[in-house]
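Okay, entry00.cif is below, mmCIF, C-alpha atoms:
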```
data_input
#
loop_
_atom_site.group_PDB
_atom_site.id
_atom_site.type_symbol
_atom_site.label_atom_id
_atom_site.label_comp_id
_atom_site.auth_asym_id
_atom_site.auth_seq_id
_atom_site.Cartn_x
_atom_site.Cartn_y
_atom_site.Cartn_z
ATOM 1 C CA MET A 1 0.000 0.000 0.000
ATOM 2 C CA ALA A 2 3.004 2.299 -0.336
ATOM 3 C CA GLY A 3 2.097 5.746 -1.556
ATOM 4 C CA HIS A 4 -1.520 5.465 -0.471
ATOM 5 C CA SER A 5 -3.083 7.352 2.399
ATOM 6 C CA LYS A 6 -5.428 4.516 3.200
ATOM 7 C CA PHE A 7 -6.995 5.094 6.608
ATOM 8 C CA LYS A 8 -5.888 8.707 6.804
ATOM 9 C CA ASN A 9 -8.285 9.450 3.968
ATOM 10 C CA ILE A 10 -11.036 7.194 5.263
ATOM 11 C CA MET A 11 -11.512 9.590 8.135
ATOM 12 C CA HIS A 12 -10.670 12.435 5.762
ATOM 13 C CA ARG A 13 -7.875 14.948 5.841
ATOM 14 C CA LYS A 14 -6.974 16.283 9.237
ATOM 15 C CA GLY A 15 -5.952 19.678 7.937
ATOM 16 C CA ALA A 16 -9.509 20.303 6.842
ATOM 17 C CA GLN A 17 -10.745 19.568 10.360
ATOM 18 C CA ASP A 18 -8.213 21.903 11.934
ATOM 19 C CA LYS A 19 -9.700 24.841 10.033
ATOM 20 C CA LYS A 20 -13.091 24.139 11.548
ATOM 21 C CA ARG A 21 -12.203 24.478 15.196
ATOM 22 C CA SER A 22 -15.402 26.136 16.430
ATOM 23 C CA SER A 23 -17.523 23.642 14.506
ATOM 24 C CA MET A 24 -15.441 20.823 15.996
ATOM 25 C CA PHE A 25 -15.914 22.155 19.528
ATOM 26 C CA SER A 26 -19.647 22.297 18.903
ATOM 27 C CA LYS A 27 -19.695 18.640 17.801
ATOM 28 C CA LEU A 28 -17.527 17.530 20.713
ATOM 29 C CA SER A 29 -19.812 19.402 23.126
ATOM 30 C CA ARG A 30 -22.869 17.729 21.645
ATOM 31 C CA GLU A 31 -21.329 14.268 22.085
ATOM 32 C CA ILE A 32 -20.394 15.079 25.718
ATOM 33 C CA THR A 33 -23.924 16.316 26.452
ATOM 34 C CA VAL A 34 -25.569 13.247 24.898
ATOM 35 C CA ALA A 35 -23.153 10.876 26.671
ATOM 36 C CA ALA A 36 -23.756 12.597 30.028
ATOM 37 C CA LYS A 37 -27.521 12.441 29.547
ATOM 38 C CA MET A 38 -27.544 8.786 28.524
ATOM 39 C CA GLY A 39 -25.552 7.613 31.546
ATOM 40 C CA LEU A 40 -24.112 9.030 34.742
ATOM 41 C CA PRO A 41 -22.454 12.477 34.535
ATOM 42 C CA ASP A 42 -19.304 10.991 36.112
ATOM 43 C CA PRO A 43 -16.714 9.984 33.463
ATOM 44 C CA ASP A 44 -15.318 7.279 35.767
ATOM 45 C CA MET A 45 -18.720 5.582 35.758
ATOM 46 C CA ASN A 46 -19.691 6.394 32.161
ATOM 47 C CA PRO A 47 -17.274 5.011 29.509
ATOM 48 C CA ARG A 48 -18.877 6.919 26.623
ATOM 49 C CA LEU A 49 -18.598 10.208 28.514
ATOM 50 C CA ARG A 50 -14.992 9.445 29.429
ATOM 51 C CA LEU A 51 -14.083 8.876 25.768
ATOM 52 C CA ALA A 52 -15.943 12.044 24.727
ATOM 53 C CA ILE A 53 -14.100 14.148 27.323
ATOM 54 C CA ASN A 54 -10.731 12.640 26.349
ATOM 55 C CA ALA A 55 -11.414 13.405 22.672
ATOM 56 C CA ALA A 56 -12.299 17.000 23.597
ATOM 57 C CA LYS A 57 -9.134 17.401 25.670
ATOM 58 C CA ALA A 58 -7.041 16.003 22.801
ATOM 59 C CA GLN A 59 -8.376 18.842 20.641
ATOM 60 C CA SER A 60 -7.470 21.392 23.358
ATOM 61 C CA MET A 61 -11.090 22.152 24.176
ATOM 62 C CA PRO A 62 -11.185 24.406 27.287
ATOM 63 C CA LYS A 63 -12.274 22.816 30.578
ATOM 64 C CA ASP A 64 -15.079 25.363 30.918
ATOM 65 C CA ASN A 65 -16.579 24.231 27.611
ATOM 66 C CA ILE A 66 -16.424 20.595 28.702
ATOM 67 C CA GLN A 67 -18.108 21.374 32.033
ATOM 68 C CA ARG A 68 -20.802 23.458 30.301
ATOM 69 C CA ALA A 69 -21.595 20.525 28.017
ATOM 70 C CA ILE A 70 -21.994 18.214 31.039
ATOM 71 C CA ASP A 71 -24.078 20.807 32.930
ATOM 72 C CA LYS A 72 -26.359 21.150 29.919
ATOM 73 C CA ALA A 73 -27.293 17.469 30.243
ATOM 74 C CA LEU A 74 -27.925 17.854 33.980
ATOM 75 C CA GLY A 75 -30.015 20.974 33.535
ATOM 76 C CA GLY A 76 -32.724 19.135 31.647
ATOM 77 C CA ASP A 77 -33.183 22.060 29.268
ATOM 78 C CA MET A 78 -31.182 20.518 26.448
ATOM 79 C CA GLU A 79 -32.580 19.665 23.054
ATOM 80 C CA ASN A 80 -33.426 16.011 22.573
ATOM 81 C CA TYR A 81 -30.688 14.801 20.268
ATOM 82 C CA GLU A 82 -31.131 11.552 18.414
ATOM 83 C CA GLU A 83 -28.462 9.503 16.699
ATOM 84 C CA ILE A 84 -29.154 8.903 13.017
ATOM 85 C CA ARG A 85 -27.135 7.092 10.359
ATOM 86 C CA TYR A 86 -27.349 7.900 6.666
ATOM 87 C CA GLU A 87 -25.879 5.718 3.940
ATOM 88 C CA GLY A 88 -25.185 6.503 0.321
ATOM 89 C CA TYR A 89 -22.832 6.517 -2.636
ATOM 90 C CA GLY A 90 -20.343 9.169 -3.670
ATOM 91 C CA PRO A 91 -18.566 9.753 -6.992
ATOM 92 C CA GLY A 92 -16.882 6.656 -8.431
ATOM 93 C CA GLY A 93 -19.262 4.331 -6.560
ATOM 94 C CA VAL A 94 -17.666 5.048 -3.181
ATOM 95 C CA ALA A 95 -19.712 3.909 -0.173
ATOM 96 C CA ILE A 96 -20.280 6.555 2.497
ATOM 97 C CA ILE A 97 -21.752 6.366 5.998
ATOM 98 C CA VAL A 98 -22.768 9.587 7.770
ATOM 99 C CA GLU A 99 -23.360 9.633 11.529
ATOM 100 C CA ALA A 100 -25.378 12.515 12.928
ATOM 101 C CA LEU A 101 -26.604 13.790 16.292
ATOM 102 C CA THR A 102 -29.602 15.996 15.643
ATOM 103 C CA ASP A 103 -32.511 17.750 17.326
ATOM 104 C CA ASN A 104 -34.281 18.150 13.960
ATOM 105 C CA ARG A 105 -34.430 15.010 11.847
ATOM 106 C CA ASN A 106 -36.033 16.748 8.835
ATOM 107 C CA ARG A 107 -33.388 19.483 8.672
ATOM 108 C CA THR A 108 -30.539 17.009 8.860
ATOM 109 C CA ALA A 109 -32.040 14.645 6.272
ATOM 110 C CA THR A 110 -32.555 17.524 3.840
ATOM 111 C CA ASN A 111 -29.008 18.819 4.318
ATOM 112 C CA VAL A 112 -27.429 15.384 3.900
ATOM 113 C CA ARG A 113 -29.527 14.565 0.819
ATOM 114 C CA THR A 114 -28.643 17.929 -0.751
ATOM 115 C CA ALA A 115 -24.924 17.422 -0.056
ATOM 116 C CA PHE A 116 -25.012 14.061 -1.839
ATOM 117 C CA SER A 117 -27.040 15.229 -4.838
ATOM 118 C CA LYS A 118 -24.960 18.380 -5.423
ATOM 119 C CA ASN A 119 -21.646 16.514 -5.249
ATOM 120 C CA GLY A 120 -22.058 13.562 -7.560
ATOM 121 C CA GLY A 121 -23.589 11.148 -5.065
ATOM 122 C CA ASN A 122 -26.942 9.794 -3.997
ATOM 123 C CA LEU A 123 -28.428 8.916 -0.642
ATOM 124 C CA GLY A 124 -29.472 5.300 -0.252
ATOM 125 C CA ALA A 125 -31.818 3.485 2.094
ATOM 126 C CA SER A 126 -30.755 2.425 5.565
ATOM 127 C CA GLY A 127 -28.429 -0.572 5.226
ATOM 128 C CA ALA A 128 -27.523 0.284 1.620
ATOM 129 C CA VAL A 129 -23.761 0.250 2.219
ATOM 130 C CA SER A 130 -23.108 -0.660 5.868
ATOM 131 C CA HIS A 131 -22.991 -4.386 5.017
ATOM 132 C CA GLY A 132 -19.624 -3.629 3.367
ATOM 133 C CA PHE A 133 -18.177 -2.291 6.629
ATOM 134 C CA ASP A 134 -17.347 -3.839 10.001
ATOM 135 C CA ARG A 135 -18.528 -2.044 13.134
ATOM 136 C CA MET A 136 -15.423 -1.726 15.305
ATOM 137 C CA GLY A 137 -13.774 0.435 17.919
ATOM 138 C CA LEU A 138 -11.132 2.914 16.739
ATOM 139 C CA ILE A 139 -8.580 4.564 19.023
ATOM 140 C CA THR A 140 -6.189 7.133 17.557
ATOM 141 C CA TYR A 141 -2.873 8.409 18.873
ATOM 142 C CA PRO A 142 -0.582 10.975 17.246
ATOM 143 C CA ALA A 143 2.647 9.697 15.657
ATOM 144 C CA SER A 144 4.529 11.318 18.553
ATOM 145 C CA ALA A 145 3.041 8.766 20.992
ATOM 146 C CA GLY A 146 5.735 6.260 19.969
ATOM 147 C CA ASP A 147 7.146 4.295 17.070
ATOM 148 C CA ALA A 148 4.995 1.774 15.213
ATOM 149 C CA ASP A 149 6.519 -1.272 16.941
ATOM 150 C CA ALA A 150 6.053 0.134 20.441
ATOM 151 C CA ILE A 151 2.432 1.128 19.741
ATOM 152 C CA PHE A 152 1.708 -2.255 18.150
ATOM 153 C CA GLU A 153 3.061 -4.077 21.189
ATOM 154 C CA ALA A 154 1.112 -1.880 23.621
ATOM 155 C CA ALA A 155 -2.075 -2.267 21.590
ATOM 156 C CA LEU A 156 -1.738 -6.031 21.330
ATOM 157 C CA GLU A 157 -1.177 -6.298 25.076
ATOM 158 C CA ALA A 158 -4.240 -4.123 25.704
ATOM 159 C CA GLY A 159 -6.399 -6.482 23.622
ATOM 160 C CA ALA A 160 -6.616 -4.632 20.292
ATOM 161 C CA ASP A 161 -7.241 -6.442 16.996
ATOM 162 C CA ASP A 162 -5.089 -4.432 14.604
ATOM 163 C CA VAL A 163 -2.879 -1.339 14.329
ATOM 164 C CA VAL A 164 -2.341 0.849 11.263
ATOM 165 C CA SER A 165 0.460 3.396 11.604
ATOM 166 C CA ASN A 166 1.313 6.189 9.178
ATOM 167 C CA GLU A 167 3.368 9.367 9.370
ATOM 168 C CA ASP A 168 0.522 11.266 11.063
ATOM 169 C CA GLU A 169 -0.995 8.877 13.544
ATOM 170 C CA HIS A 170 -1.536 5.377 14.901
ATOM 171 C CA GLU A 171 -4.984 3.851 14.391
ATOM 172 C CA ILE A 172 -5.786 1.063 16.810
ATOM 173 C CA TRP A 173 -8.755 -1.125 15.902
ATOM 174 C CA THR A 174 -10.651 -3.152 18.485
ATOM 175 C CA ALA A 175 -13.720 -5.347 18.684
ATOM 176 C CA MET A 176 -16.781 -3.147 19.163
ATOM 177 C CA ASP A 177 -17.471 -4.295 22.721
ATOM 178 C CA ALA A 178 -13.781 -4.054 23.708
ATOM 179 C CA LEU A 179 -13.357 -0.352 22.838
ATOM 180 C CA HIS A 180 -13.698 1.082 26.361
ATOM 181 C CA GLU A 181 -11.571 -1.631 27.955
ATOM 182 C CA VAL A 182 -8.733 -1.308 25.406
ATOM 183 C CA ALA A 183 -8.861 2.512 25.508
ATOM 184 C CA LYS A 184 -8.526 2.427 29.303
ATOM 185 C CA ALA A 185 -5.585 -0.005 29.185
ATOM 186 C CA LEU A 186 -3.810 2.101 26.541
ATOM 187 C CA GLU A 187 -4.423 5.314 28.471
ATOM 188 C CA ALA A 188 -2.472 3.837 31.392
ATOM 189 C CA LYS A 189 0.491 3.178 29.078
ATOM 190 C CA LEU A 190 0.367 5.966 26.508
ATOM 191 C CA GLY A 191 -1.740 8.700 28.095
ATOM 192 C CA PRO A 192 -5.151 9.885 26.823
ATOM 193 C CA ALA A 193 -5.929 9.028 23.208
ATOM 194 C CA GLU A 194 -6.513 11.677 20.580
ATOM 195 C CA GLY A 195 -9.811 10.006 19.803
ATOM 196 C CA ALA A 196 -11.740 6.843 20.690
ATOM 197 C CA LYS A 197 -15.059 5.971 19.131
ATOM 198 C CA LEU A 198 -17.104 3.316 17.426
ATOM 199 C CA ALA A 199 -16.156 3.295 13.764
ATOM 200 C CA TRP A 200 -17.050 1.794 10.411
ATOM 201 C CA LYS A 201 -14.080 -0.060 8.912
ATOM 202 C CA PRO A 202 -14.460 -0.940 5.219
ATOM 203 C CA GLN A 203 -13.983 -4.596 4.290
ATOM 204 C CA THR A 204 -12.522 -3.511 0.942
ATOM 205 C CA THR A 205 -11.516 -0.091 -0.379
ATOM 206 C CA VAL A 206 -12.034 1.681 -3.697
ATOM 207 C CA GLU A 207 -9.195 3.538 -5.389
ATOM 208 C CA VAL A 208 -10.523 6.945 -6.467
ATOM 209 C CA ASP A 209 -9.034 8.487 -9.613
ATOM 210 C CA GLU A 210 -8.252 12.144 -10.141
ATOM 211 C CA ALA A 211 -11.488 12.704 -12.086
ATOM 212 C CA ASN A 212 -13.646 11.759 -9.093
ATOM 213 C CA ALA A 213 -11.404 12.679 -6.140
ATOM 214 C CA ALA A 214 -12.071 16.442 -6.095
ATOM 215 C CA THR A 215 -15.862 15.975 -6.137
ATOM 216 C CA LEU A 216 -15.686 13.212 -3.544
ATOM 217 C CA LEU A 217 -13.603 15.303 -1.141
ATOM 218 C CA LYS A 218 -15.967 18.245 -1.657
ATOM 219 C CA LEU A 219 -18.861 15.965 -0.727
ATOM 220 C CA VAL A 220 -17.077 14.833 2.441
ATOM 221 C CA ASP A 221 -16.178 18.450 3.303
ATOM 222 C CA THR A 222 -19.788 19.575 2.805
ATOM 223 C CA LEU A 223 -21.073 16.793 5.039
ATOM 224 C CA GLU A 224 -18.474 17.477 7.732
ATOM 225 C CA ASP A 225 -19.337 21.192 7.661
ATOM 226 C CA ASP A 226 -22.899 20.394 8.743
ATOM 227 C CA ASP A 227 -23.306 21.021 12.479
ATOM 228 C CA ASP A 228 -25.500 17.935 12.883
ATOM 229 C CA VAL A 229 -22.976 15.570 11.305
ATOM 230 C CA GLN A 230 -20.560 13.990 13.767
ATOM 231 C CA THR A 231 -18.516 11.669 11.539
ATOM 232 C CA VAL A 232 -18.217 10.690 7.885
ATOM 233 C CA TRP A 233 -16.840 7.262 6.966
ATOM 234 C CA GLY A 234 -16.024 5.943 3.511
ATOM 235 C CA ASN A 235 -14.395 3.003 1.757
ATOM 236 C CA TYR A 236 -12.295 5.206 -0.511
ATOM 237 C CA GLU A 237 -8.574 5.495 -1.017
ATOM 238 C CA VAL A 238 -6.933 8.535 -2.591
ATOM 239 C CA SER A 239 -3.268 8.114 -3.485
ATOM 240 C CA ASP A 240 -0.744 10.681 -2.320
ATOM 241 C CA ALA A 241 -0.048 11.511 -5.980
ATOM 242 C CA VAL A 242 -3.709 12.410 -6.600
ATOM 243 C CA MET A 243 -3.894 14.369 -3.329
ATOM 244 C CA GLU A 244 -0.849 16.405 -4.384
ATOM 245 C CA LYS A 245 -2.405 17.223 -7.757
ATOM 246 C CA LEU A 246 -5.575 18.405 -6.012
ATOM 247 C CA GLY A 247 -3.340 20.519 -3.760
#
```
Rewrite the coordinates I just gave you, this time as structure tokens.
Amino acid sequence: MAGHSKFKNIMHRKGAQDKKRSSMFSKLSREITVAAKMGLPDPDMNPRLRLAINAAKAQSMPKDNIQRAIDKALGGDMENYEEIRYEGYGPGGVAIIVEALTDNRNRTATNVRTAFSKNGGNLGASGAVSHGFDRMGLITYPASAGDADAIFEAALEAGADDVVSNEDEHEIWTAMDALHEVAKALEAKLGPAEGAKLAWKPQTTVEVDEANAATLLKLVDTLEDDDDVQTVWGNYEVSDAVMEKLG
């Protein structure tokens, strides 16, 4: 797979996310609020909340913002967010899964459908593409956390299934029900993770050519820009050569 940014591109380019800091804080806050409302407001007793807080800290979200998001759940005046998954196809037949947390199902559905139709894709029915993905846990650490061998050893010892390391980060894949346990074991060895969440890992990937890559990445950008969208997953691969040409 030399020369290909396989999993880096599956979760999309990090640089694009860095430009959207306020939007990112908003999404992290929403996840914290929902996690705190669904379980206990104590991160030691609520694994989902713990992961959400760790992810927020990894993105340098201020403590006050984190506390406000927890307080919002306790206050009872929060919007009722529901988790919705959309599935569809992007340019070049790429399969895309969109995960949203929304307080207005109609608004989100309209925005997601519009994003697909305006960027060479189409929204499918529920289950249209998810059969081509495995539901797993994904824990990410920056490259600075250690070299690939050290991370692999730590991950294996913690009970992970697989590790994919590139120049930017280490992606540690776990069984879905082992995510919290593995994340906790790794935190003791490597410190808090940059991110830990349930993920959609493609069983096979599609190489996207230059003709389709620009439109595909615009589709992913448009979806990620939507406040209701938490994560966008895809089974696409864009080679470094194509990424450089798109510049």
When you count all atoms listed in the file, which of these residues is closest to A:Leu74: A:Asp42, A:Asp134, A:Glu187, A:Glu99?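 Among A:Asp42, A:Asp134, A:Glu187, A:Glu99, it is A:Asp42 that comes nearest to A:Leu74.
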Could you list, as a VMD selection string, every residue within 9 Å of A:Asn80, counting all atoms listed in the file and ignoring same-chain residues fewer than 6 positions away? chain A and resid 34 102 to 104
When you look at A:Met243 with a cut-off of 9 Å (counting only C-alpha atoms), what residues show up, excluding the ones that are within fewer than 3 positions of it in the same chain? I need them as a ChimeraX atom specification. /A:210,213-214,238-240,246-247
So the first atom is atom CA of A:Lys218 and the second is atom CA of A:Asn235; what is the distance between them in Å, to one decimal place?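 Separation of atom CA of A:Lys218 and atom CA of A:Asn235: 15.7 Å.
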What does the distance between atom CA of A:Pro202 and atom CA of A:Gly234 come to in Å, to one decimal place? 7.3 Å
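Ranking A:Glu87, A:Glu157, A:Asp147, A:Asp168 by their shortest atom-to-atom distance to A:Trp200, with only C-alpha atoms included, puts A:Glu87 first.
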Which centre and which edge lengths, in Å to one decimal, describe the axis-aligned box that holds all listed atoms of stretch 32-45 of chain A after 6 Å is added on each side, as AutoDock Vina command-line options?
```
--center_x -21.4 --center_y 10.9 --center_z 30.5 --size_x 24.2 --size_y 22.7 --size_z 23.2
```
I'd like to see the residues matched by the PyMOL selection byres ((chain A and resi 95) around 9) on this file, and ideally I'd get them as a list in words. Glu87, Gly88, Tyr89, Gly90, Gly93, Val94, Ile96, Ile97, Ala128, Val129, Ser130, Gly132, Pro202, Val206, Trp233, Gly234, Asn235 and Tyr236 of chain A
Per-residue nearest contacts of stretch 45-159 of chain A to stretch 175-178 of chain A (10 Å; all atoms listed in the file) as JSON lines:
```
{"residue": "A:Asp134", "atom": "CA", "partner": "A:Met176", "partner_atom": "CA", "distance": 9.2}
{"residue": "A:Arg135", "atom": "CA", "partner": "A:Met176", "partner_atom": "CA", "distance": 6.4}
{"residue": "A:Met136", "atom": "CA", "partner": "A:Met176", "partner_atom": "CA", "distance": 4.3}
{"residue": "A:Gly137", "atom": "CA", "partner": "A:Met176", "partner_atom": "CA", "distance": 4.8}
{"residue": "A:Leu138", "atom": "CA", "partner": "A:Met176", "partner_atom": "CA", "distance": 8.6}
{"residue": "A:Ala158", "atom": "CA", "partner": "A:Ala178", "partner_atom": "CA", "distance": 9.7}
{"residue": "A:Gly159", "atom": "CA", "partner": "A:Ala178", "partner_atom": "CA", "distance": 7.8}
```
Written selection (C-alpha atoms) as a PDB file, in the frame of the given file:
```
ATOM      1  CA  ASP A 134     -17.347  -3.839  10.001  1.00  0.00           C
ATOM      2  CA  ARG A 135     -18.528  -2.044  13.134  1.00  0.00           C
ATOM      3  CA  MET A 136     -15.423  -1.726  15.305  1.00  0.00           C
ATOM      4  CA  GLY A 137     -13.774   0.435  17.919  1.00  0.00           C
ATOM      5  CA  LEU A 138     -11.132   2.914  16.739  1.00  0.00           C
ATOM      6  CA  ALA A 158      -4.240  -4.123  25.704  1.00  0.00           C
ATOM      7  CA  GLY A 159      -6.399  -6.482  23.622  1.00  0.00           C
TER       8      GLY A 159
END
```
Hey, what comes out of the PyMOL selection byres ((chain A and resi 54-70) around 8) on this file? Could you write it as an NGL selection string? :A and (25 or 28-30 or 32-33 or 36 or 41 or 50-53 or 71-74 or 192-196)
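Ranking A:Arg107, A:Arg113, A:Arg85, A:Arg48 by their shortest atom-to-atom distance to A:Ala183, with all atoms listed in the file included, puts A:Arg48 first.
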Could you check the closest approach to A:Ala143 for each of A:Gly75, A:Leu190, A:Glu83, A:Ser126 and tell me which residue wins, using only C-alpha atoms?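 Closest candidate: A:Leu190.
In this model, the gap between atom CA of A:Asp226 and atom CA of A:Ile84 comes to 13.8 Å.
For the set A:Leu217, A:Thr110, A:Lys27, A:Met45, the residue with the smallest atom-to-atom gap to A:His180 is A:Met45, counting all atoms listed in the file.
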Shell around A:Pro91 at 9 Å using all atoms listed in the file, local window under 3 positions removed, as a JSON list (two decimals) with C-alpha atoms, in the coordinates of the input:
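Listing of part25.json after writing:
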```
[["chain", "number", "residue", "atom", "x", "y", "z"],
["A", 94, "VAL", "CA", -17.67, 5.05, -3.18],
["A", 119, "ASN", "CA", -21.65, 16.51, -5.25],
["A", 120, "GLY", "CA", -22.06, 13.56, -7.56],
["A", 121, "GLY", "CA", -23.59, 11.15, -5.07],
["A", 122, "ASN", "CA", -26.94, 9.79, -4.00],
["A", 208, "VAL", "CA", -10.52, 6.94, -6.47],
["A", 212, "ASN", "CA", -13.65, 11.76, -9.09],
["A", 213, "ALA", "CA", -11.40, 12.68, -6.14],
["A", 215, "THR", "CA", -15.86, 15.98, -6.14],
["A", 216, "LEU", "CA", -15.69, 13.21, -3.54],
["A", 219, "LEU", "CA", -18.86, 15.96, -0.73]]
```
Given only C-alpha atoms as the basis, pick out the residue of A:Ala125, A:Leu156, A:Ala100, A:Ala199 nearest to A:Thr140.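 With only C-alpha atoms as the atom set, the closest residue is A:Ala199.
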Check what the PyMOL selection byres ((chain A and resi 146) around 12) selects in the file above and give those residues as a VMD selection string. chain A and resid 141 to 145 147 to 155 165 to 170 189 to 191
